[in-house]
file final-v9.cif (mmCIF, C-alpha atoms and all ligand atoms)
data_my_file
loop_
_atom_site.label_atom_id
_atom_site.label_comp_id
_atom_site.auth_asym_id
_atom_site.auth_seq_id
_atom_site.Cartn_x
_atom_site.Cartn_y
_atom_site.Cartn_z
CA MET A 1 6.37 6.71 -23.59
CA LEU A 2 4.84 10.21 -23.70
CA LYS A 3 1.69 8.87 -22.00
CA GLN A 4 3.85 7.30 -19.30
CA MET A 5 5.61 10.65 -18.82
CA GLU A 6 2.28 12.42 -18.63
CA ASN A 7 1.01 9.99 -16.00
CA ALA A 8 4.18 10.50 -13.97
CA GLY A 9 3.73 14.27 -14.32
CA LEU A 10 7.19 14.79 -15.84
CA THR A 11 8.32 17.78 -17.85
CA ASP A 12 11.26 16.14 -19.64
CA LEU A 13 13.09 12.88 -20.10
CA HIS A 14 16.68 12.65 -21.36
CA PHE A 15 18.60 9.66 -22.70
CA GLY A 16 22.40 9.70 -22.69
CA LEU A 17 24.63 7.21 -24.49
CA ASP A 18 28.41 7.04 -24.53
CA PRO A 19 29.54 3.89 -26.36
CA ALA A 20 33.20 4.44 -25.38
CA SER A 21 32.50 4.06 -21.65
CA GLY A 22 29.30 2.01 -21.89
CA LEU A 23 27.14 4.76 -20.37
CA LYS A 24 23.41 4.25 -20.84
CA ALA A 25 21.63 6.81 -18.69
CA ILE A 26 18.11 8.15 -18.31
CA ILE A 27 17.45 11.43 -16.53
CA ALA A 28 13.79 12.07 -15.67
CA ILE A 29 12.86 15.60 -14.64
CA HIS A 30 9.57 16.02 -12.87
CA SER A 31 9.64 19.74 -12.20
CA THR A 32 11.91 22.74 -12.23
CA ALA A 33 9.10 25.12 -11.23
CA ARG A 34 10.63 25.72 -7.76
CA GLY A 35 14.25 25.51 -8.93
CA ALA A 36 16.74 23.05 -10.41
CA ALA A 37 15.57 19.45 -10.18
CA ILE A 38 17.61 17.47 -7.65
CA GLY A 39 17.62 13.71 -7.15
CA GLY A 40 19.72 10.60 -6.88
CA CYS A 41 21.45 8.54 -9.50
CA ARG A 42 20.73 4.81 -9.42
CA PHE A 43 23.39 2.50 -10.83
CA ILE A 44 22.09 -1.04 -10.91
CA HIS A 45 21.49 -3.88 -13.38
CA TYR A 46 18.18 -3.97 -15.20
CA ALA A 47 16.83 -7.00 -17.04
CA ARG A 48 15.13 -4.73 -19.59
CA GLU A 49 15.76 -1.14 -20.68
CA GLN A 50 12.07 -0.38 -20.18
CA ASP A 51 12.40 -1.29 -16.48
CA ALA A 52 15.15 1.32 -16.12
CA VAL A 53 13.01 4.00 -17.78
CA THR A 54 10.05 3.06 -15.56
CA ASP A 55 12.21 3.36 -12.43
CA ALA A 56 13.39 6.86 -13.41
CA LEU A 57 9.84 7.92 -14.30
CA ARG A 58 8.26 6.66 -11.10
CA LEU A 59 10.87 8.13 -8.74
CA ALA A 60 11.27 11.69 -10.09
CA ARG A 61 7.98 13.08 -8.76
CA GLY A 62 8.69 11.95 -5.20
CA MET A 63 11.82 14.11 -5.22
CA SER A 64 9.74 17.18 -6.17
CA TYR A 65 7.38 16.49 -3.27
CA LYS A 66 10.28 15.93 -0.87
CA ALA A 67 12.12 19.11 -1.89
CA ALA A 68 8.90 21.17 -1.76
CA LEU A 69 7.87 20.08 1.74
CA ALA A 70 11.47 20.55 2.92
CA GLY A 71 11.12 24.16 1.77
CA LEU A 72 14.03 23.86 -0.66
CA PRO A 73 14.23 25.89 -3.87
CA HIS A 74 14.40 22.72 -5.95
CA GLY A 75 12.27 20.49 -8.09
CA GLY A 76 12.64 16.76 -8.42
CA GLY A 77 14.46 14.50 -10.83
CA LYS A 78 15.99 11.06 -10.92
CA THR A 79 18.68 9.31 -12.92
CA VAL A 80 18.98 5.67 -13.73
CA ILE A 81 22.26 4.44 -15.19
CA ILE A 82 22.00 0.90 -16.49
CA LYS A 83 24.96 -0.95 -14.99
CA PRO A 84 26.91 -2.66 -17.79
CA GLU A 85 27.29 -6.43 -17.70
CA GLY A 86 30.92 -7.56 -17.43
CA ASP A 87 34.00 -5.34 -17.11
CA PHE A 88 33.82 -1.59 -17.51
CA ASP A 89 35.80 1.50 -16.53
CA ARG A 90 33.75 3.01 -13.72
CA ARG A 91 35.65 6.29 -13.71
CA ALA A 92 35.26 6.82 -17.47
CA LEU A 93 31.55 5.97 -17.22
CA MET A 94 30.92 8.41 -14.35
CA GLN A 95 32.85 11.14 -16.16
CA ALA A 96 30.71 10.58 -19.24
CA PHE A 97 27.62 10.79 -17.03
CA GLY A 98 28.90 14.10 -15.62
CA ARG A 99 29.21 15.48 -19.18
CA PHE A 100 25.63 14.35 -19.86
CA VAL A 101 24.37 16.12 -16.71
CA ASP A 102 26.39 19.20 -17.67
CA GLN A 103 24.66 19.41 -21.05
CA LEU A 104 21.39 20.06 -19.22
CA GLY A 105 22.92 23.33 -18.06
CA GLY A 106 21.77 23.08 -14.44
CA ARG A 107 18.19 21.91 -14.93
CA TYR A 108 19.20 18.81 -12.96
CA ILE A 109 21.61 18.27 -10.05
CA THR A 110 22.58 14.66 -9.46
CA ALA A 111 23.07 12.90 -6.11
CA MET A 112 23.79 9.47 -4.60
CA ASP A 113 21.30 6.63 -4.73
CA SER A 114 21.35 2.81 -4.81
CA GLY A 115 24.59 1.63 -6.38
CA THR A 116 26.45 4.95 -6.37
CA GLU A 117 29.08 6.03 -3.86
CA VAL A 118 30.56 9.31 -2.66
CA SER A 119 33.63 8.46 -4.80
CA ASP A 120 31.38 8.34 -7.90
CA MET A 121 30.05 11.81 -7.06
CA ASP A 122 33.64 13.04 -6.77
CA THR A 123 34.36 11.60 -10.22
CA ILE A 124 31.20 13.18 -11.67
CA ALA A 125 32.35 16.49 -10.18
CA THR A 126 35.38 16.41 -12.51
CA THR A 127 33.05 16.96 -15.50
CA THR A 128 30.13 18.95 -14.05
CA ASP A 129 29.31 21.32 -11.20
CA PHE A 130 25.75 20.01 -11.06
CA VAL A 131 26.46 17.25 -8.54
CA SER A 132 25.91 16.90 -4.78
CA CYS A 133 26.89 14.30 -2.14
CA THR A 134 30.61 14.69 -2.94
CA SER A 135 33.20 14.02 -0.24
CA ALA A 136 33.28 17.79 0.35
CA SER A 137 29.69 17.66 1.65
CA GLY A 138 30.18 14.54 3.82
CA ASP A 139 27.85 11.75 4.92
CA PRO A 140 24.19 12.90 4.87
CA ALA A 141 23.10 10.22 7.39
CA PRO A 142 23.63 12.25 10.62
CA HIS A 143 21.55 15.08 9.12
CA THR A 144 18.82 12.66 8.08
CA ALA A 145 18.83 11.32 11.65
CA LEU A 146 18.50 14.82 13.11
CA GLY A 147 15.38 15.38 10.98
CA ILE A 148 13.94 12.01 11.99
CA PHE A 149 14.47 12.87 15.64
CA ALA A 150 12.68 16.23 15.19
CA GLY A 151 9.88 14.38 13.39
CA ILE A 152 9.53 11.80 16.16
CA GLN A 153 9.33 14.61 18.74
CA ALA A 154 6.56 16.27 16.69
CA ALA A 155 4.66 12.98 16.37
CA VAL A 156 4.97 12.33 20.12
CA ARG A 157 3.65 15.82 20.90
CA HIS A 158 0.70 15.34 18.58
CA LYS A 159 -0.26 11.73 19.18
CA LEU A 160 0.79 11.16 22.78
CA GLN A 161 0.49 14.76 24.01
CA ARG A 162 3.94 14.56 25.54
CA ASP A 163 6.79 17.05 25.27
CA SER A 164 9.43 14.51 26.20
CA ILE A 165 10.67 11.27 24.69
CA ALA A 166 11.98 10.13 28.09
CA GLY A 167 10.47 6.84 29.17
CA LEU A 168 8.97 6.03 25.75
CA SER A 169 9.92 2.84 23.93
CA VAL A 170 11.06 2.85 20.30
CA ALA A 171 11.48 -0.23 18.10
CA ILE A 172 14.13 0.44 15.45
CA GLN A 173 14.37 -1.78 12.37
CA GLY A 174 17.77 -1.37 10.70
CA LEU A 175 20.83 0.00 12.50
CA GLY A 176 22.89 1.27 9.58
CA HIS A 177 24.14 4.81 9.04
CA VAL A 178 20.82 6.46 9.88
CA GLY A 179 19.33 3.88 12.28
CA HIS A 180 22.36 3.95 14.56
CA ALA A 181 22.40 7.76 14.64
CA ILE A 182 18.68 7.85 15.47
CA ALA A 183 19.25 5.33 18.26
CA GLN A 184 21.88 7.67 19.69
CA HIS A 185 19.51 10.69 19.68
CA LEU A 186 16.73 8.65 21.29
CA TYR A 187 19.04 7.13 23.90
CA LYS A 188 20.26 10.60 24.91
CA ALA A 189 16.61 11.71 25.17
CA GLY A 190 15.88 8.86 27.60
CA ALA A 191 13.99 6.43 25.37
CA HIS A 192 14.05 2.66 25.81
CA LEU A 193 15.22 1.03 22.58
CA LEU A 194 14.29 -2.30 21.03
CA VAL A 195 16.50 -2.97 18.03
CA ALA A 196 16.72 -5.37 15.11
CA ASP A 197 19.10 -5.78 12.19
CA ILE A 198 20.01 -8.69 9.95
CA ASP A 199 23.62 -7.90 10.89
CA PRO A 200 24.13 -9.17 14.50
CA ALA A 201 27.23 -6.95 14.98
CA ARG A 202 25.09 -3.82 14.53
CA VAL A 203 22.60 -5.09 17.10
CA ARG A 204 25.40 -5.87 19.58
CA GLN A 205 26.80 -2.35 19.15
CA CYS A 206 23.44 -0.76 20.08
CA VAL A 207 22.98 -3.12 23.01
CA GLU A 208 26.41 -2.15 24.35
CA GLU A 209 26.25 1.60 23.60
CA PHE A 210 22.63 2.35 24.40
CA GLY A 211 21.45 -0.49 26.64
CA ALA A 212 19.06 -1.48 23.84
CA GLU A 213 17.06 -4.70 23.91
CA ALA A 214 17.86 -7.01 20.97
CA VAL A 215 14.90 -8.30 18.96
CA SER A 216 15.00 -10.69 16.01
CA PRO A 217 14.32 -9.15 12.57
CA ASP A 218 11.13 -11.22 12.28
CA SER A 219 9.70 -10.13 15.63
CA ILE A 220 10.39 -6.39 15.45
CA TYR A 221 6.96 -5.57 13.96
CA GLY A 222 5.06 -7.18 16.81
CA VAL A 223 6.93 -5.78 19.82
CA GLN A 224 5.04 -3.54 22.23
CA ALA A 225 6.51 -0.06 21.72
CA ASP A 226 5.24 3.51 21.48
CA ILE A 227 7.03 4.07 18.18
CA PHE A 228 8.07 1.79 15.35
CA SER A 229 10.96 3.26 13.33
CA PRO A 230 11.68 1.57 9.98
CA CYS A 231 15.27 2.46 9.04
CA GLY A 232 16.22 -0.49 6.84
CA LEU A 233 14.40 -1.38 3.66
CA GLY A 234 11.44 0.08 1.80
CA ALA A 235 7.96 -1.48 1.40
CA VAL A 236 7.99 -2.85 4.96
CA LEU A 237 4.51 -1.53 5.81
CA SER A 238 2.20 -4.08 4.22
CA GLN A 239 -1.13 -5.64 5.10
CA ASP A 240 0.70 -8.42 7.02
CA SER A 241 3.15 -6.25 8.95
CA ILE A 242 0.57 -3.55 9.79
CA ALA A 243 -1.66 -6.20 11.39
CA LYS A 244 1.23 -7.08 13.74
CA LEU A 245 2.11 -3.53 14.87
CA GLN A 246 1.63 -2.73 18.58
CA CYS A 247 2.62 0.94 18.40
CA SER A 248 0.97 4.37 18.23
CA ILE A 249 3.41 6.00 15.78
CA VAL A 250 5.42 4.85 12.75
CA ALA A 251 8.31 7.21 12.03
CA GLY A 252 11.57 6.18 10.38
CA SER A 253 14.06 6.95 7.65
CA ALA A 254 13.46 4.20 5.09
CA ASN A 255 12.31 5.37 1.67
CA ASN A 256 9.00 4.11 0.26
CA GLN A 257 7.90 2.50 3.53
CA LEU A 258 4.35 1.87 2.35
CA ALA A 259 4.11 -1.22 0.16
CA ASN A 260 1.28 0.69 -1.52
CA ASP A 261 -0.91 3.72 -0.89
CA GLU A 262 -3.67 1.56 0.65
CA ASP A 263 -1.27 0.59 3.46
CA GLY A 264 -1.16 4.22 4.57
CA ASN A 265 -4.95 4.12 4.83
CA ARG A 266 -4.70 0.87 6.83
CA LEU A 267 -2.44 2.54 9.38
CA HIS A 268 -4.87 5.46 9.61
CA GLN A 269 -7.79 3.07 10.16
CA ARG A 270 -5.85 1.33 12.93
CA GLY A 271 -5.34 4.69 14.64
CA ILE A 272 -1.57 4.56 14.11
CA LEU A 273 0.02 7.89 13.18
CA TYR A 274 2.14 7.26 10.08
CA VAL A 275 4.71 10.00 9.55
CA PRO A 276 5.21 10.25 5.77
CA ASP A 277 8.70 9.00 4.93
CA TYR A 278 9.59 11.62 2.37
CA VAL A 279 8.79 14.44 4.79
CA ILE A 280 10.59 13.07 7.85
CA ASN A 281 13.67 11.78 6.01
CA ALA A 282 14.50 15.01 4.14
CA GLY A 283 17.36 16.05 6.46
CA GLY A 284 20.04 14.53 4.22
CA LEU A 285 18.62 16.28 1.15
CA ILE A 286 18.48 19.58 3.04
CA HIS A 287 22.12 19.10 4.01
CA VAL A 288 23.39 18.38 0.49
CA ALA A 289 21.26 21.11 -1.12
CA MET A 290 22.31 23.77 1.40
CA HIS A 291 25.94 22.69 1.28
CA ARG A 292 25.92 23.61 -2.42
CA THR A 293 24.80 27.14 -1.60
CA GLY A 294 27.42 27.62 1.12
CA ALA A 295 24.88 27.85 3.98
CA SER A 296 26.31 27.64 7.50
CA ALA A 297 25.83 24.57 9.71
CA ALA A 298 23.50 26.60 11.95
CA GLU A 299 21.31 27.66 9.00
CA ARG A 300 21.21 24.08 7.77
CA ASP A 301 20.31 22.62 11.16
CA ALA A 302 17.56 25.20 11.63
CA LYS A 303 16.10 24.14 8.29
CA ILE A 304 16.32 20.46 9.22
CA LEU A 305 14.55 21.09 12.53
CA GLU A 306 11.72 22.79 10.60
CA ILE A 307 10.74 19.25 9.56
CA GLY A 308 9.13 19.01 13.02
CA ALA A 309 7.01 22.14 12.48
CA THR A 310 6.00 21.04 8.97
CA LEU A 311 4.85 17.71 10.33
CA GLU A 312 2.88 19.26 13.20
CA HIS A 313 1.06 21.36 10.62
CA LEU A 314 0.30 18.27 8.50
CA PHE A 315 -0.86 16.23 11.53
CA THR A 316 -3.25 18.96 12.62
CA GLU A 317 -4.70 19.37 9.16
CA ALA A 318 -5.04 15.60 8.69
CA GLU A 319 -6.94 15.38 11.96
CA ARG A 320 -9.21 18.29 11.05
CA ARG A 321 -10.03 16.73 7.67
CA ASP A 322 -10.03 13.15 9.01
CA MET A 323 -7.55 12.15 6.30
CA PRO A 324 -4.40 10.01 6.45
CA VAL A 325 -1.35 12.23 6.88
CA HIS A 326 0.36 10.88 3.75
CA HIS A 327 -2.52 12.14 1.61
CA VAL A 328 -2.43 15.56 3.24
CA ALA A 329 1.34 15.72 2.64
CA ASP A 330 0.86 14.90 -1.05
CA LEU A 331 -1.82 17.57 -1.40
CA HIS A 332 0.42 20.18 0.20
CA ALA A 333 3.34 19.31 -2.03
CA GLU A 334 1.10 19.42 -5.11
CA GLN A 335 -0.24 22.82 -4.06
CA MET A 336 3.28 24.18 -3.54
CA LEU A 337 4.29 22.95 -6.99
CA ALA A 338 1.13 24.35 -8.58
CA ASP A 339 1.74 27.71 -6.87
CA ALA A 340 5.18 27.74 -8.49
CA GLY A 341 3.61 27.11 -11.91
CA HIS A 342 3.96 23.34 -12.26
CA THR A 343 0.99 21.72 -13.98
CA GLN A 344 0.10 18.12 -13.19
CA PRO A 345 -2.13 15.61 -14.95
CA ALA A 346 -5.41 14.95 -13.16
CA ASP A 347 -5.04 11.16 -13.25
CA LYS A 348 -1.49 10.90 -11.93
CA GLU A 349 -0.40 8.00 -9.75
CA ARG A 350 1.32 8.67 -6.41
CA HIS A 351 4.88 7.44 -6.00
CA HIS A 352 7.62 8.65 -3.74
CA ALA A 353 11.38 8.38 -3.66
P1 LIG A 401 22.37 1.42 5.60
O1 LIG A 401 22.56 0.49 4.45
O2 LIG A 401 23.57 2.04 6.24
O3 LIG A 401 21.53 0.70 6.76
C1 LIG A 401 20.46 -0.16 6.53
C2 LIG A 401 20.46 -1.18 7.64
O4 LIG A 401 19.27 -1.95 7.55
C3 LIG A 401 21.65 -2.13 7.57
O5 LIG A 401 22.28 -2.22 8.82
C4 LIG A 401 21.00 -3.47 7.18
O6 LIG A 401 21.69 -4.60 7.69
C5 LIG A 401 19.63 -3.31 7.82
N1 LIG A 401 18.59 -4.19 7.28
C6 LIG A 401 18.39 -4.57 6.00
N2 LIG A 401 17.35 -5.41 5.93
C7 LIG A 401 16.87 -5.55 7.17
C8 LIG A 401 15.80 -6.30 7.74
N3 LIG A 401 15.01 -7.06 6.99
N4 LIG A 401 15.59 -6.23 9.08
C9 LIG A 401 16.38 -5.45 9.85
N5 LIG A 401 17.42 -4.72 9.36
C10 LIG A 401 17.66 -4.78 8.05
O7 LIG A 401 21.37 2.56 5.06
P2 LIG A 401 21.09 3.99 5.70
O8 LIG A 401 21.89 5.01 4.98
O9 LIG A 401 21.13 3.89 7.18
O10 LIG A 401 19.58 4.22 5.23
C11 LIG A 401 18.52 3.50 5.84
C12 LIG A 401 17.22 3.79 5.10
O11 LIG A 401 16.95 5.20 5.11
C13 LIG A 401 17.24 3.38 3.63
O12 LIG A 401 15.94 2.98 3.25
C14 LIG A 401 17.58 4.69 2.91
O13 LIG A 401 17.09 4.70 1.58
C15 LIG A 401 16.83 5.68 3.77
N6 LIG A 401 17.38 7.04 3.71
C16 LIG A 401 18.68 7.25 4.04
C17 LIG A 401 19.19 8.54 4.00
C18 LIG A 401 20.62 8.81 4.37
O14 LIG A 401 20.96 9.99 4.61
N7 LIG A 401 21.48 7.82 4.45
C19 LIG A 401 18.36 9.62 3.62
C20 LIG A 401 17.01 9.37 3.31
C21 LIG A 401 16.54 8.06 3.36
#
call {"tool": "encode", "arguments": {"input": "final-v9.cif", "output": "structure tokens"}}
result
Amino acid sequence: MLKQMENAGLTDLHFGLDPASGLKAIIAIHSTARGAAIGGCRFIHYAREQDAVTDALRLARGMSYKAALAGLPHGGGKTVIIKPEGDFDRRALMQAFGRFVDQLGGRYITAMDSGTEVSDMDTIATTTDFVSCTSASGDPAPHTALGIFAGIQAAVRHKLQRDSIAGLSVAIQGLGHVGHAIAQHLYKAGAHLLVADIDPARVRQCVEEFGAEAVSPDSIYGVQADIFSPCGLGAVLSQDSIAKLQCSIVAGSANNQLANDEDGNRLHQRGILYVPDYVINAGGLIHVAMHRTGASAAERDAKILEIGATLEHLFTEAERRDMPVHHVADLHAEQMLADAGHTQPADKERHHA
């Protein structure tokens, strides 16, 4: 276990049990060098306890990288709560989790992730202050979309040497909370949209609202478009899908878009500019983190729009060093963490939330 922690670059790992409510939680903290660790709380079933620990371990570091490149005074952490089999009292369990988070005295601030809802965050807030994504802070998706839009503009400036999105075509995969909001930004900017979702109602809505062209979920990778924007699931950029792409830029909100690190290199070799997911999709995190500190909407939006400037810097450096942008992003994040006093093992693996 300690070796696994070392490989994941973590500073501490906490196990919380509350037999009365059935809580079995693991909080992995990667770094507090830049400030309190922040990161989502997963609440799903796991076949084996070890799988839950592995999930927490592998996702914590990505949150440190994301917070660092977003310029937030936070480190990264992740919680996994093993969802009980059968009946349980969700409210009692979340309150027990809040007490567990509270015991860490602010080293870790929890947030929403797969399987948790805003209502859970509200419940957790009854037993700790170290929680974000409550109903008071609102849906992060529009803020994530604003950051994605700024990131797409930066990528277009760099790769296509154009200041305007007008007339460009964008293929969007996934039209949920974020995908729909991105479609709206792009439509207003004059882009032509090609859209796919497994839910036909979401496709119809974009066709009606934005004059988008409907594409089947299977064909979205291969459509001719300037930009491919993955806003549905993770791990969609694989050897197979990359071979089909007919775009110059990949820039979307989905977490963990690369099936593995080698797929980022494949995109680079194909001359496709891959905008690292954890940099471009940080708008929601910026929103929830700055909401906690009482920042104004204008201050928050200015910070979200800085995602564009950060990316332009990374693109330029990647070009100068002839390196894939995702590697340059990792190196920057690691340097920022090291500058703040975080030490990392030399043989660490790269994983992002
Ligand atoms: P969502 O659940 O609201 O939307 C996802 C959409 O993708 C749904 O409409 C779903 O039907 C569609 N989808 C699923 N599989 C698909 C497939 N194979 N082909 C086409 N469409 C498919 O989620 P969201 O909040 O919009 O988030 C989208 C992605 O962005 C997720 O990966 C999420 O982790 C990531 N993300 C979201 C935020 C945020 O603020 N919500 C922040 C950072 C990252």
call {"tool": "residues_near_ligand", "arguments": {"input": "final-v9.cif", "ligand": "ligand LIG 401 (chain A)", "cutoff": "8 Å", "atoms": "all atoms listed in the file", "output": "NGL selection string"}}
result
:A and (113-114 or 139-145 or 173-180 or 196-199 or 202 or 217-218 or 230-234 or 252-256 or 278 or 281-285)
call {"tool": "residues_near_point", "arguments": {"input": "final-v9.cif", "point": "(20.5, -8.7, -18.5)", "cutoff": "10 Å", "atoms": "only C-alpha atoms", "output": "ChimeraX atom specification"}}
result
/A:45-49,82-85
call {"tool": "write_last_selection", "arguments": {"input": "final-v9.cif", "atoms": "C-alpha atoms", "output": "short mmCIF file (atom, residue, chain, number, x, y, z; two decimals), in the frame of the given file"}}
result
data_model
loop_
_atom_site.label_atom_id
_atom_site.label_comp_id
_atom_site.auth_asym_id
_atom_site.auth_seq_id
_atom_site.Cartn_x
_atom_site.Cartn_y
_atom_site.Cartn_z
CA HIS A 45 21.49 -3.88 -13.38
CA TYR A 46 18.18 -3.97 -15.20
CA ALA A 47 16.83 -7.00 -17.04
CA ARG A 48 15.13 -4.73 -19.59
CA GLU A 49 15.76 -1.14 -20.68
CA ILE A 82 22.00 0.90 -16.49
CA LYS A 83 24.96 -0.95 -14.99
CA PRO A 84 26.91 -2.66 -17.79
CA GLU A 85 27.29 -6.43 -17.70
#
call {"tool": "atom_distance", "arguments": {"input": "final-v9.cif", "atom1": "CA of Gly39 in chain A", "atom2": "CA of Ile26 in chain A"}}
result
12.5 Å
call {"tool": "atom_distance", "arguments": {"input": "final-v9.cif", "atom1": "CA of Ala56 in chain A", "atom2": "CA of Leu10 in chain A"}}
result
10.4 Å
call {"tool": "closest_residue", "arguments": {"input": "final-v9.cif", "among": "A:Cys206, A:Leu160, A:Leu258, A:Ala289", "to": "His326 in chain A", "atoms": "all atoms listed in the file"}}
result
A:Leu258
call {"tool": "closest_residue", "arguments": {"input": "final-v9.cif", "among": "A:Leu305, A:Val215, A:Val250, A:Val279", "to": "Ala68 in chain A", "atoms": "all atoms listed in the file"}}
result
A:Val279
call {"tool": "atom_distance", "arguments": {"input": "final-v9.cif", "atom1": "CA of Val236 in chain A", "atom2": "CA of Tyr274 in chain A"}}
result
12.8 Å
call {"tool": "build_atoms", "arguments": {"input": "final-v9.cif", "residues": "range 163-170 of chain A", "atoms": "all heavy atoms", "output": "compact mmCIF listing (two decimals), in the coordinates of the input"}}
result
# COMPACT_ATOMS: atom_id res chain seq x y z
N ASP A 163 5.71 16.21 25.76
CA ASP A 163 6.79 17.05 25.27
C ASP A 163 8.12 16.32 25.32
O ASP A 163 9.11 16.77 24.74
CB ASP A 163 6.91 18.33 26.11
CG ASP A 163 5.83 19.32 25.73
OD1 ASP A 163 5.45 19.32 24.54
OD2 ASP A 163 5.34 20.03 26.62
N SER A 164 8.16 15.20 26.01
CA SER A 164 9.43 14.51 26.20
C SER A 164 9.37 13.08 25.67
O SER A 164 8.34 12.41 25.72
CB SER A 164 9.77 14.51 27.69
OG SER A 164 10.81 13.60 27.92
N ILE A 165 10.53 12.65 25.18
CA ILE A 165 10.67 11.27 24.69
C ILE A 165 11.02 10.35 25.86
O ILE A 165 10.90 9.13 25.76
CB ILE A 165 11.83 11.21 23.66
CG1 ILE A 165 11.64 12.22 22.52
CG2 ILE A 165 12.11 9.83 23.14
CD1 ILE A 165 10.86 11.76 21.34
N ALA A 166 11.49 10.93 26.95
CA ALA A 166 11.98 10.13 28.09
C ALA A 166 10.93 9.13 28.54
O ALA A 166 9.76 9.48 28.71
CB ALA A 166 12.37 11.06 29.25
N GLY A 167 11.37 7.89 28.68
CA GLY A 167 10.47 6.84 29.17
C GLY A 167 9.67 6.15 28.07
O GLY A 167 9.05 5.12 28.31
N LEU A 168 9.70 6.69 26.84
CA LEU A 168 8.97 6.03 25.75
C LEU A 168 9.82 4.89 25.18
O LEU A 168 11.05 4.91 25.29
CB LEU A 168 8.65 7.03 24.63
CG LEU A 168 7.69 8.17 25.00
CD1 LEU A 168 7.45 9.07 23.79
CD2 LEU A 168 6.36 7.61 25.51
N SER A 169 9.16 3.93 24.55
CA SER A 169 9.92 2.84 23.93
C SER A 169 9.84 2.98 22.41
O SER A 169 8.79 3.31 21.85
CB SER A 169 9.36 1.48 24.38
OG SER A 169 7.97 1.46 24.20
N VAL A 170 10.98 2.72 21.76
CA VAL A 170 11.06 2.85 20.30
C VAL A 170 11.67 1.57 19.72
O VAL A 170 12.76 1.15 20.15
CB VAL A 170 11.93 4.06 19.88
CG1 VAL A 170 11.85 4.27 18.37
CG2 VAL A 170 11.51 5.33 20.62
